[in-house]
Structure formats: C-alpha cells, structure tokens
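Worksheet for the structure shown next.
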2 protein chains.
Amino acid sequence: MRFCNNCGHEVVLAIPPGDNLPRFVCESCGTIHYQNPRVVVGCLAEWQGRILLCRRAIEPRKGFWTLPAGFMENGETTEQAALRETAEEAMAEAEGLEPLALVNVPHVSQVHLMFRGRLRDGRHAPGAESLETALLDEQDIPWSDIAFPSVRFALKRFLEDRRKGAFGFHISTWDKPLKH
Amino acid sequence: MRFCNNCGHEVVLAIPPGDNLPRFVCESCGTIHYQNPRVVVGCLAEWQGRILLCRRAIEPRKGFWTLPAGFMENGETTEQAALRETAEEAMAEAEGLEPLALVNVPHVSQVHLMFRGRLRDGRHAPGAESLETALLDEQDIPWSDIAFPSVRFALKRFLEDRRKGAFGFHISTWDKPLKH
C-alpha cells in the first residue's frame with residue numbers, strides 16, 4: 001500500500017495513538033488503513049456416501065484436487081459463502097450445512113472454514129475454476145494430489161468422524177509455507 | 001474507496017473479467033481492490049466456575065458488558081487473537097482454548113468467533129478499552145447490559161453446555177442491525 005484510497009495522498013507506516021502495531025496512515029486526511037486476515041469458506045458435500053471434489057483449473061495448485069472453497073464476500077454469511085462456492089466451482093447444490101473444521105493459515109493471513117453437508121440431487125459439473133468434478137468413495141480420494149493441507153485436514157477429520165458416527169468441529173493451524 | 005492504494009489513480013466500480021461482482025478497479029495500474037469480511041475473535045474464560053467479563057470503555061456500546069474480543073490481526077492464528085484480546089482488554093492470561101461459537105454478522109461484513117478457556121491464575125484488570133473487569137457467577141451476569149448479540153449467544157450456549165457437561169460448537173447469524 002502506497003496511497004490513501006480515501007484522498008490519494010501518500011501513506012506512511014506509523015503506530016497510531018492508542019495502538020501497538022504499525023498501520024498505513026494518511027497524514028493528509030487521517031485515515032488509518034487496517035489490514036486484516038481473509039476468510040476462505042469451503043464445503044464437503046456428500047452424495048450416497050461419496051464426496052464431491054473439484055480439480056483446480058487455476059493457480060495456485062492447478063491440476064490438484066480440492067473441496068469447493070473460496071474467499072468470503074462482504075454481506076454474506078459463512079454458510080452462504082459455502083453454498084455459493086459449491087455452486088460456482090462444482091455447479092452443485094449443497095444443503096444441511098454444519099461446521100466441520102477451521103484451519104488457521106497465518107503465513108498468508110487467512111482463516112479456512114469448512115462446512116459439511118449433502119448434495120440436494122447428486123448433480124455436479126465443473127465451473128469456470130474447475131477442470132473436472134467427481135463424487136469419490138473414500139478409497140478413491142487422491143491423497144497425494146490434494147491441493148491444500150486445510151482440505152486434507154477437513155477430509156481426514158470428516159472420514160474419521162463418519163466412521164465413529166459422531167461429528168465434531170476441528171481446529172488446526174497450517175503453519176508452514178507449502179513447498180511445491 | 002476513491003483512489004488506488006497502489007498508484008494513487010482514481011478507481012472505478014466495475015465487474016472484472018471472469019468475476020460476477022463489482023469491485024473497485026484501477027484503470028491505470030490494473031489493481032483490483034477486493035473487500036472482504038473481517039474476523040472478530042473473542043474469549044470466554046472461566047475461573048472457579050465464574051466467567052470473565054469486561055465493561056466497555058469505548059464505542060460502540062460504551063458502558064455495556066462484553067467478552068474480551070476484537071479484530072484479528074494479519075499473521076496471527078484465531079487462538080493467538082483470542083489470547084491477545086484477553087490480555088489487552090482484561091489484562092488476563094487465558095489457556096486451554098476450544099472453539100465455542102461462530103456468529104455471522106453480514107450487515108457489517110463480520111464473522112465473530114468465540115473460544116472458551118480458563119484463566120491461568122484468576123488475575124484480571126481493566127485494559128485501556130475497558131472500564132472494569134469482573135469474574136461473575138451465572139446468576140450475576142447482567143443480561144440486559146450485554147453489549148452484542150454475539151456475546152449473548154456465546155454466553156448462553158456455554159452455560160447450557162456446561163449444565164449438560166458436554167460442549168459443542170455453535171453457529172448462528174445476527175442478521176438485523178442493532179437498534180439502540
């Protein structure tokens with residue numbers, strides 16, 4: 001950040017009065033530009049015991065498999081974000097959402113929140129950001145080709161809980177940059 | 001937002017190629033300025049069965065009671081944010097955090113995430129943003145003077161779960177602007 005988006009003046013990095021962290025501050029109009037983590041919301045949707053996965057058509061991790069997920073938008077709820085991403089990336093309708101997992105990703109200032117649910121009618125097809133979509137049995141999940149640790153964490157905890165017949169909410173931190 | 005914070009040029013509101021929502025776009029340097037919800041993280045900390053609450057010294061809801069909570073910062077985890085807010089607002093050390101509640105607040109593009117935990121040594125004192133802090137038994141909680149619906153939701157679910165002896169993770173949406 002170099003310029004104030006309120007008045008166009010150059011910003012400086014300074015600790016505002018009463019604060020304890022440096023912020024981009026505009027000395028012309030006084031605006032303090034806070035920067036905060038972003039929320040990525042995803043959905044693990046089941047249909048007749050199989051799980052909906054998407055193969056990514058875009059970077060990062062193009063060609064790898066993921067749950068439908070993406071950045072939460074202003075004005076929506078986390079559940080609405082999960083349903084929207086499922087519609088956009090897998091052209092599928094999910095329902096019955098329950099919270100499944102939260103993964104902190106501090107090295108990129110993100111929080112990944114995953115829901116579990118079911119497909120309304122089993123239909124799915126690749127959206128613009130997916131090369132293909134598939135409903136996969138547990139034994140067919142391509143573990144070595146999963147796009148992100150947070151997706152792997154959500155899948156593993158879901159499968160464990162399903163075997164136990166008792167679902168929980170799971171939290172973890174992906175604290176190392178991905179090497180690939 | 002009126003100016004590009006990368007180059008200082010005026011921005012326009014336009015739907016970028018491949019997108020479906022209007023964004024502030026800089027036609028000079030090409031930067032797309034995404035705006036996303038912010039995460040507020042809080043902590044319900046117990047000490048010998050009593051719950052730590054803070055009376056707010058700042059607006060909004062100055063003079064009302066809250067759990068220690070505030071905006072998550074870049075580079076930290078949700079648990080670190082909960083511990084930091086507990087230290088800043090109640091000068092207290094919490095530990096043993098477990099996720100308690102998530103409240104969507106779409107009308108202000110926020111997600112409130114509350115943890116439960118316990119105080120390390122029972123010590124607390126008002127930080128700069130608190131008028132006073134207190135450890136309160138359930139029957140002394142000032143329900144009519146709670147600052148925010150998300151704080152009330154977290155407190156209610158926690159007390160119910162504690163009576164049952166089984167804690168869960170609870171999700172809700174605060175979907176109407178607060179009238180006060």
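Identifiers in the structure tokens: chain A, B, ... in order shown; residue index from 1 per chain; ligand index from 1 in order shown.
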Checklist entry - What lies within 10 Å of Glu88 (chain B) using only C-alpha atoms, ignoring chain neighbours under 4 positions off, as a list in words? => result Pro68, Ala69, Gly70, Ala82, Leu83, Arg84, Ala92, Glu93, Ala125, Pro126, Gly127, Ala128, Glu129 and Ser130 of chain B
Written file, previous selection with N, CA and C atoms, as a PDB file, in the first residue's frame:
```pdb
ATOM      1  N   PRO B  68     -13.923 -10.335  26.314  1.00  0.00           N
ATOM      2  CA  PRO B  68     -12.781  -9.753  25.603  1.00  0.00           C
ATOM      3  C   PRO B  68     -12.786 -10.232  24.152  1.00  0.00           C
ATOM      4  N   ALA B  69     -12.742  -9.298  23.200  1.00  0.00           N
ATOM      5  CA  ALA B  69     -12.846  -9.644  21.775  1.00  0.00           C
ATOM      6  C   ALA B  69     -12.398  -8.471  20.929  1.00  0.00           C
ATOM      7  N   GLY B  70     -11.927  -8.769  19.726  1.00  0.00           N
ATOM      8  CA  GLY B  70     -11.532  -7.690  18.831  1.00  0.00           C
ATOM      9  C   GLY B  70     -11.098  -8.223  17.482  1.00  0.00           C
ATOM     10  N   ALA B  82      -7.448 -14.530  20.267  1.00  0.00           N
ATOM     11  CA  ALA B  82      -8.277 -14.632  21.476  1.00  0.00           C
ATOM     12  C   ALA B  82      -7.436 -14.363  22.728  1.00  0.00           C
ATOM     13  N   LEU B  83      -6.231 -14.917  22.773  1.00  0.00           N
ATOM     14  CA  LEU B  83      -5.343 -14.696  23.922  1.00  0.00           C
ATOM     15  C   LEU B  83      -4.908 -13.234  23.999  1.00  0.00           C
ATOM     16  N   ARG B  84      -4.589 -12.648  22.845  1.00  0.00           N
ATOM     17  CA  ARG B  84      -4.146 -11.244  22.807  1.00  0.00           C
ATOM     18  C   ARG B  84      -5.257 -10.310  23.284  1.00  0.00           C
ATOM     19  N   ALA B  92      -5.530 -10.321  31.399  1.00  0.00           N
ATOM     20  CA  ALA B  92      -5.638 -11.670  31.954  1.00  0.00           C
ATOM     21  C   ALA B  92      -5.030 -12.669  30.980  1.00  0.00           C
ATOM     22  N   GLU B  93      -4.556 -13.787  31.561  1.00  0.00           N
ATOM     23  CA  GLU B  93      -3.963 -14.848  30.749  1.00  0.00           C
ATOM     24  C   GLU B  93      -4.928 -16.016  30.660  1.00  0.00           C
ATOM     25  N   ALA B 125      -7.735  -7.333  35.187  1.00  0.00           N
ATOM     26  CA  ALA B 125      -7.818  -5.893  35.491  1.00  0.00           C
ATOM     27  C   ALA B 125      -8.191  -5.183  34.196  1.00  0.00           C
ATOM     28  N   PRO B 126      -8.838  -4.035  34.266  1.00  0.00           N
ATOM     29  CA  PRO B 126      -9.246  -3.365  33.030  1.00  0.00           C
ATOM     30  C   PRO B 126      -8.058  -2.885  32.197  1.00  0.00           C
ATOM     31  N   GLY B 127      -8.050  -3.249  30.915  1.00  0.00           N
ATOM     32  CA  GLY B 127      -7.109  -2.681  29.959  1.00  0.00           C
ATOM     33  C   GLY B 127      -7.640  -1.341  29.452  1.00  0.00           C
ATOM     34  N   ALA B 128      -6.949  -0.770  28.472  1.00  0.00           N
ATOM     35  CA  ALA B 128      -7.275   0.589  28.015  1.00  0.00           C
ATOM     36  C   ALA B 128      -8.697   0.705  27.458  1.00  0.00           C
ATOM     37  N   GLU B 129      -9.248  -0.388  26.919  1.00  0.00           N
ATOM     38  CA  GLU B 129     -10.572  -0.306  26.302  1.00  0.00           C
ATOM     39  C   GLU B 129     -11.690  -0.771  27.229  1.00  0.00           C
ATOM     40  N   SER B 130     -11.355  -1.015  28.522  1.00  0.00           N
ATOM     41  CA  SER B 130     -12.356  -1.488  29.488  1.00  0.00           C
ATOM     42  C   SER B 130     -12.470  -0.523  30.662  1.00  0.00           C
TER      43      SER B 130
END
```
Next on the checklist: Can you pull out the residues contacting Val40 (chain B)? Cut-off 12 Å, using only C-alpha atoms, and skip same-chain residues under 4 positions away; I want them as a ChimeraX atom specification.
Outcome noted: /A:36-39,111 /B:67-73,77-79,81-82,85,101-105,108-115,150-151
Item to check | From B:Arg123, B:His107, B:Arg23, B:Lys164, residue lying nearest chain A [only C-alpha atoms] | outcome: B:His107
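Going from CA of Leu21 (chain B) to CA of Gly8 (chain B) covers 22.9 Å.
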